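Trainee: Below you'll find work_0.pdb; it's PDB, C-alpha atoms.
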ATOM      1  CA  MET A   1      10.468   7.245  17.577
ATOM      2  CA  PRO A   2      13.551   9.181  16.432
ATOM      3  CA  LYS A   3      14.570   8.911  12.800
ATOM      4  CA  VAL A   4      17.745   6.905  12.190
ATOM      5  CA  ASP A   5      20.525   8.687  10.317
ATOM      6  CA  PHE A   6      21.750   5.782   8.195
ATOM      7  CA  ALA A   7      24.343   7.884   6.382
ATOM      8  CA  GLU A   8      25.958   8.758   9.723
ATOM      9  CA  LYS A   9      25.880   5.123  10.889
ATOM     10  CA  ILE A  10      27.374   3.913   7.633
ATOM     11  CA  GLU A  11      30.182   6.464   7.773
ATOM     12  CA  ARG A  12      30.911   5.572  11.404
ATOM     13  CA  TYR A  13      31.299   1.875  10.573
ATOM     14  CA  LYS A  14      33.439   2.659   7.539
ATOM     15  CA  LYS A  15      35.787   4.534   9.877
ATOM     16  CA  VAL A  16      35.918   1.527  12.214
ATOM     17  CA  ILE A  17      36.953  -0.682   9.300
ATOM     18  CA  GLU A  18      39.486   1.892   8.162
ATOM     19  CA  LEU A  19      41.085   1.730  11.616
ATOM     20  CA  ASP A  20      41.007  -2.069  11.705
ATOM     21  CA  PRO A  21      40.413  -3.859   8.369
ATOM     22  CA  LYS A  22      40.201  -7.194  10.226
ATOM     23  CA  ASP A  23      37.290  -6.122  12.466
ATOM     24  CA  VAL A  24      34.507  -8.544  11.597
ATOM     25  CA  LEU A  25      32.032  -6.651  13.774
ATOM     26  CA  GLY A  26      32.811  -3.479  11.846
ATOM     27  CA  TYR A  27      31.936  -5.200   8.571
ATOM     28  CA  PHE A  28      28.898  -6.898  10.097
ATOM     29  CA  SER A  29      27.611  -3.612  11.526
ATOM     30  CA  LEU A  30      28.265  -1.765   8.267
ATOM     31  CA  GLY A  31      26.451  -4.442   6.273
ATOM     32  CA  SER A  32      23.519  -4.331   8.675
ATOM     33  CA  ALA A  33      23.291  -0.537   8.436
ATOM     34  CA  GLN A  34      23.504  -0.673   4.634
ATOM     35  CA  SER A  35      20.737  -3.267   4.554
ATOM     36  CA  GLU A  36      18.514  -1.187   6.838
ATOM     37  CA  ALA A  37      19.152   1.832   4.588
ATOM     38  CA  GLY A  38      17.973  -0.156   1.570
ATOM     39  CA  GLN A  39      21.469  -0.540   0.124
ATOM     40  CA  LYS A  40      21.111  -4.294  -0.347
ATOM     41  CA  ARG A  41      23.826  -4.797  -3.007
ATOM     42  CA  GLU A  42      26.373  -2.879  -0.914
ATOM     43  CA  ALA A  43      25.268  -4.817   2.167
ATOM     44  CA  ALA A  44      25.823  -8.137   0.379
ATOM     45  CA  ASP A  45      29.342  -7.108  -0.632
ATOM     46  CA  THR A  46      30.149  -5.942   2.897
ATOM     47  CA  LEU A  47      28.768  -9.070   4.553
ATOM     48  CA  GLU A  48      30.754 -11.246   2.145
ATOM     49  CA  LYS A  49      33.830  -9.354   3.323
ATOM     50  CA  ALA A  50      32.831 -10.000   6.953
ATOM     51  CA  ILE A  51      32.768 -13.735   6.216
ATOM     52  CA  GLU A  52      36.121 -13.474   4.470
ATOM     53  CA  VAL A  53      37.604 -11.732   7.531
ATOM     54  CA  ASP A  54      36.105 -14.262   9.976
ATOM     55  CA  PRO A  55      34.594 -17.413   8.457
ATOM     56  CA  ARG A  56      33.337 -18.416  11.936
ATOM     57  CA  HIS A  57      31.054 -15.381  12.410
ATOM     58  CA  SER A  58      27.693 -17.101  12.025
ATOM     59  CA  SER A  59      25.631 -13.898  12.220
ATOM     60  CA  SER A  60      27.278 -12.662   9.031
ATOM     61  CA  TYR A  61      26.033 -15.747   7.167
ATOM     62  CA  TRP A  62      22.501 -15.206   8.455
ATOM     63  CA  SER A  63      22.479 -11.523   7.508
ATOM     64  CA  LEU A  64      24.016 -12.193   4.100
ATOM     65  CA  GLY A  65      21.363 -14.828   3.435
ATOM     66  CA  GLN A  66      18.630 -12.343   4.338
ATOM     67  CA  VAL A  67      20.093  -9.704   2.024
ATOM     68  CA  LEU A  68      20.469 -12.171  -0.837
ATOM     69  CA  GLU A  69      16.843 -13.219  -0.418
ATOM     70  CA  ALA A  70      15.804  -9.551  -0.567
ATOM     71  CA  LEU A  71      17.820  -9.220  -3.785
ATOM     72  CA  GLY A  72      15.955 -12.219  -5.206
ATOM     73  CA  ASP A  73      18.960 -14.574  -5.238
ATOM     74  CA  LYS A  74      17.360 -17.434  -3.333
ATOM     75  CA  THR A  75      19.797 -20.048  -4.661
ATOM     76  CA  LYS A  76      22.846 -18.228  -3.344
ATOM     77  CA  ALA A  77      20.984 -17.397  -0.112
ATOM     78  CA  ALA A  78      20.287 -21.094   0.469
ATOM     79  CA  ARG A  79      23.963 -21.913  -0.111
ATOM     80  CA  ILE A  80      25.038 -19.229   2.368
ATOM     81  CA  TYR A  81      22.539 -20.479   4.957
ATOM     82  CA  ARG A  82      23.910 -24.023   4.592
ATOM     83  CA  GLN A  83      27.469 -22.737   5.067
ATOM     84  CA  GLY A  84      26.353 -20.798   8.137
ATOM     85  CA  ILE A  85      24.688 -23.840   9.667
ATOM     86  CA  LYS A  86      28.009 -25.666   9.509
ATOM     87  CA  VAL A  87      29.631 -22.821  11.423
TER
END
Would you give me this structure, written as structure tokens?

Mentor:
Amino acid sequence: MPKVDFAEKIERYKKVIELDPKDVLGYFSLGSAQSEAGQKREAADTLEKAIEVDPRHSSSYWSLGQVLEALGDKTKAARIYRQGIKV
């Protein structure tokens, strides 16, 4: 299986956001790539921005909850999951 170049993926998604700061999928994809690269704190910040850009993007809530759990913040993760369920 080929090795994933997370730095390249992250830079690509940052460019997408630079072109369109309201692109929820850009933020979601960036947050996902950051999470996969082990950059959990950065991923949480990015996914929070995705939710800010589009509060109806349910996948961003799910991913943010997963990242928060990985960071050990289960209370905030549970709150995010509950917000996502409403969406």

Trainee: I want to know what sits within 7 Å of A:Phe28, based on only C-alpha atoms, with residues of the same chain fewer than 2 positions away left out; could you give that as a PyMOL selection string?

Mentor: chain A and resi 24-26+30-32+47+50+60

Trainee: When you draw a straight line from atom CA of A:Gly72 to atom CA of A:Val53, how long is it in Å?

Mentor: 25.1 Å

Trainee: Counting all atoms listed in the file, which of A:Glu11, A:Leu64, A:Gln83, A:Lys74 gets nearest to A:Arg41?

Mentor: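 Closest residue, counting all atoms listed in the file: A:Leu64.
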
Trainee: Closest to A:Ala33 among A:Leu71, A:Val87, A:Ala78, A:Ala7, using only C-alpha atoms?

Mentor: A:Ala7

Trainee: Give the answer as one residue: which of A:Lys14, A:Lys86, A:Lys40, A:Arg56 has the shortest atom-to-atom distance to A:Ala70, using only C-alpha atoms?

Mentor: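 Closest candidate: A:Lys40.
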
Trainee: May I ask for the distance between atom CA of A:Tyr61 and atom CA of A:Gly84, given in Å to one decimal place?

Mentor: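 The value is 5.2 Å.
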
Trainee: Using all atoms listed in the file, pick whichever of A:Trp62, A:Lys15, A:Val67, A:Lys22 has the shortest atom-to-atom distance to A:Ala44.

Mentor: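 Looking only at the distances to A:Ala44, the closest residue turns out to be A:Val67.
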
Trainee: Could you check how far atom CA of A:Pro55 sits from atom CA of A:Glu8, in Å to one decimal?

Mentor: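 Atom CA of A:Glu8 lies 27.6 Å from atom CA of A:Pro55.
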
Trainee: Could you tell me which of A:Leu19, A:Ala37, A:Ser59, A:Tyr27 comes closest to A:Lys3 if we count only C-alpha atoms?

Mentor: A:Ala37

Trainee: With distances taken over all atoms listed in the file, which of A:Asp73, A:Glu36, A:Glu42, A:Glu52 is nearest to A:Val4?

Mentor: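 Ranked by minimum distance to A:Val4, first place goes to A:Glu36.
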
Trainee: Report, as AutoDock Vina command-line options, the axis-aligned box around all atoms of stretch 50-68 of chain A present in the file, extended by 5 Å on each side; give centre and edge lengths in Å to one decimal place.

Mentor:
--center_x 28.1 --center_y -14.1 --center_z 5.8 --size_x 29.0 --size_y 18.7 --size_z 23.2

Trainee: Missing atoms in stretch 20-48 of chain A: fill them in up to N, CA and C atoms and send the result as a PDB file, in the coordinates of the input.

Mentor:
ATOM      1  N   ASP A  20      40.661  -0.659  11.535  1.00  0.00           N
ATOM      2  CA  ASP A  20      41.007  -2.069  11.705  1.00  0.00           C
ATOM      3  C   ASP A  20      40.321  -2.898  10.615  1.00  0.00           C
ATOM      4  N   PRO A  21      41.002  -3.120   9.487  1.00  0.00           N
ATOM      5  CA  PRO A  21      40.413  -3.859   8.369  1.00  0.00           C
ATOM      6  C   PRO A  21      40.103  -5.329   8.678  1.00  0.00           C
ATOM      7  N   LYS A  22      40.488  -5.807   9.836  1.00  0.00           N
ATOM      8  CA  LYS A  22      40.201  -7.194  10.226  1.00  0.00           C
ATOM      9  C   LYS A  22      39.091  -7.274  11.278  1.00  0.00           C
ATOM     10  N   ASP A  23      38.349  -6.186  11.458  1.00  0.00           N
ATOM     11  CA  ASP A  23      37.290  -6.122  12.466  1.00  0.00           C
ATOM     12  C   ASP A  23      35.982  -6.659  11.888  1.00  0.00           C
ATOM     13  N   VAL A  24      35.703  -7.915  12.151  1.00  0.00           N
ATOM     14  CA  VAL A  24      34.507  -8.544  11.597  1.00  0.00           C
ATOM     15  C   VAL A  24      33.238  -7.821  12.051  1.00  0.00           C
ATOM     16  N   LEU A  25      33.222  -7.349  13.293  1.00  0.00           N
ATOM     17  CA  LEU A  25      32.032  -6.651  13.774  1.00  0.00           C
ATOM     18  C   LEU A  25      31.839  -5.317  13.064  1.00  0.00           C
ATOM     19  N   GLY A  26      32.930  -4.695  12.642  1.00  0.00           N
ATOM     20  CA  GLY A  26      32.811  -3.479  11.846  1.00  0.00           C
ATOM     21  C   GLY A  26      32.118  -3.762  10.522  1.00  0.00           C
ATOM     22  N   TYR A  27      32.557  -4.821   9.841  1.00  0.00           N
ATOM     23  CA  TYR A  27      31.936  -5.200   8.571  1.00  0.00           C
ATOM     24  C   TYR A  27      30.482  -5.634   8.780  1.00  0.00           C
ATOM     25  N   PHE A  28      30.253  -6.436   9.820  1.00  0.00           N
ATOM     26  CA  PHE A  28      28.898  -6.898  10.097  1.00  0.00           C
ATOM     27  C   PHE A  28      27.968  -5.715  10.369  1.00  0.00           C
ATOM     28  N   SER A  29      28.432  -4.780  11.190  1.00  0.00           N
ATOM     29  CA  SER A  29      27.611  -3.612  11.526  1.00  0.00           C
ATOM     30  C   SER A  29      27.385  -2.727  10.305  1.00  0.00           C
ATOM     31  N   LEU A  30      28.409  -2.551   9.490  1.00  0.00           N
ATOM     32  CA  LEU A  30      28.265  -1.765   8.267  1.00  0.00           C
ATOM     33  C   LEU A  30      27.259  -2.429   7.333  1.00  0.00           C
ATOM     34  N   GLY A  31      27.392  -3.725   7.138  1.00  0.00           N
ATOM     35  CA  GLY A  31      26.451  -4.442   6.273  1.00  0.00           C
ATOM     36  C   GLY A  31      25.022  -4.353   6.782  1.00  0.00           C
ATOM     37  N   SER A  32      24.860  -4.446   8.085  1.00  0.00           N
ATOM     38  CA  SER A  32      23.519  -4.331   8.675  1.00  0.00           C
ATOM     39  C   SER A  32      22.940  -2.939   8.449  1.00  0.00           C
ATOM     40  N   ALA A  33      23.762  -1.910   8.649  1.00  0.00           N
ATOM     41  CA  ALA A  33      23.291  -0.537   8.436  1.00  0.00           C
ATOM     42  C   ALA A  33      22.952  -0.302   6.967  1.00  0.00           C
ATOM     43  N   GLN A  34      23.783  -0.823   6.069  1.00  0.00           N
ATOM     44  CA  GLN A  34      23.504  -0.673   4.634  1.00  0.00           C
ATOM     45  C   GLN A  34      22.189  -1.368   4.277  1.00  0.00           C
ATOM     46  N   SER A  35      21.974  -2.539   4.826  1.00  0.00           N
ATOM     47  CA  SER A  35      20.737  -3.267   4.554  1.00  0.00           C
ATOM     48  C   SER A  35      19.525  -2.486   5.054  1.00  0.00           C
ATOM     49  N   GLU A  36      19.614  -1.968   6.278  1.00  0.00           N
ATOM     50  CA  GLU A  36      18.514  -1.187   6.838  1.00  0.00           C
ATOM     51  C   GLU A  36      18.241   0.067   6.012  1.00  0.00           C
ATOM     52  N   ALA A  37      19.294   0.620   5.405  1.00  0.00           N
ATOM     53  CA  ALA A  37      19.152   1.832   4.588  1.00  0.00           C
ATOM     54  C   ALA A  37      18.653   1.518   3.180  1.00  0.00           C
ATOM     55  N   GLY A  38      18.451   0.231   2.891  1.00  0.00           N
ATOM     56  CA  GLY A  38      17.973  -0.156   1.570  1.00  0.00           C
ATOM     57  C   GLY A  38      19.079  -0.367   0.560  1.00  0.00           C
ATOM     58  N   GLN A  39      20.317  -0.340   1.000  1.00  0.00           N
ATOM     59  CA  GLN A  39      21.469  -0.540   0.124  1.00  0.00           C
ATOM     60  C   GLN A  39      21.845  -2.028   0.111  1.00  0.00           C
ATOM     61  N   LYS A  40      20.966  -2.830  -0.436  1.00  0.00           N
ATOM     62  CA  LYS A  40      21.111  -4.294  -0.347  1.00  0.00           C
ATOM     63  C   LYS A  40      22.353  -4.809  -1.067  1.00  0.00           C
ATOM     64  N   ARG A  41      22.653  -4.312  -2.265  1.00  0.00           N
ATOM     65  CA  ARG A  41      23.826  -4.797  -3.007  1.00  0.00           C
ATOM     66  C   ARG A  41      25.100  -4.484  -2.234  1.00  0.00           C
ATOM     67  N   GLU A  42      25.202  -3.260  -1.708  1.00  0.00           N
ATOM     68  CA  GLU A  42      26.373  -2.879  -0.914  1.00  0.00           C
ATOM     69  C   GLU A  42      26.470  -3.736   0.346  1.00  0.00           C
ATOM     70  N   ALA A  43      25.311  -3.988   0.960  1.00  0.00           N
ATOM     71  CA  ALA A  43      25.268  -4.817   2.167  1.00  0.00           C
ATOM     72  C   ALA A  43      25.774  -6.225   1.870  1.00  0.00           C
ATOM     73  N   ALA A  44      25.367  -6.789   0.743  1.00  0.00           N
ATOM     74  CA  ALA A  44      25.823  -8.137   0.379  1.00  0.00           C
ATOM     75  C   ALA A  44      27.338  -8.163   0.230  1.00  0.00           C
ATOM     76  N   ASP A  45      27.891  -7.172  -0.450  1.00  0.00           N
ATOM     77  CA  ASP A  45      29.342  -7.108  -0.632  1.00  0.00           C
ATOM     78  C   ASP A  45      30.063  -6.992   0.709  1.00  0.00           C
ATOM     79  N   THR A  46      29.532  -6.152   1.590  1.00  0.00           N
ATOM     80  CA  THR A  46      30.149  -5.942   2.897  1.00  0.00           C
ATOM     81  C   THR A  46      30.063  -7.197   3.760  1.00  0.00           C
ATOM     82  N   LEU A  47      28.930  -7.859   3.744  1.00  0.00           N
ATOM     83  CA  LEU A  47      28.768  -9.070   4.553  1.00  0.00           C
ATOM     84  C   LEU A  47      29.624 -10.211   4.013  1.00  0.00           C
ATOM     85  N   GLU A  48      29.826 -10.257   2.706  1.00  0.00           N
ATOM     86  CA  GLU A  48      30.754 -11.246   2.145  1.00  0.00           C
ATOM     87  C   GLU A  48      32.166 -10.986   2.662  1.00  0.00           C
TER      88      GLU A  48
END
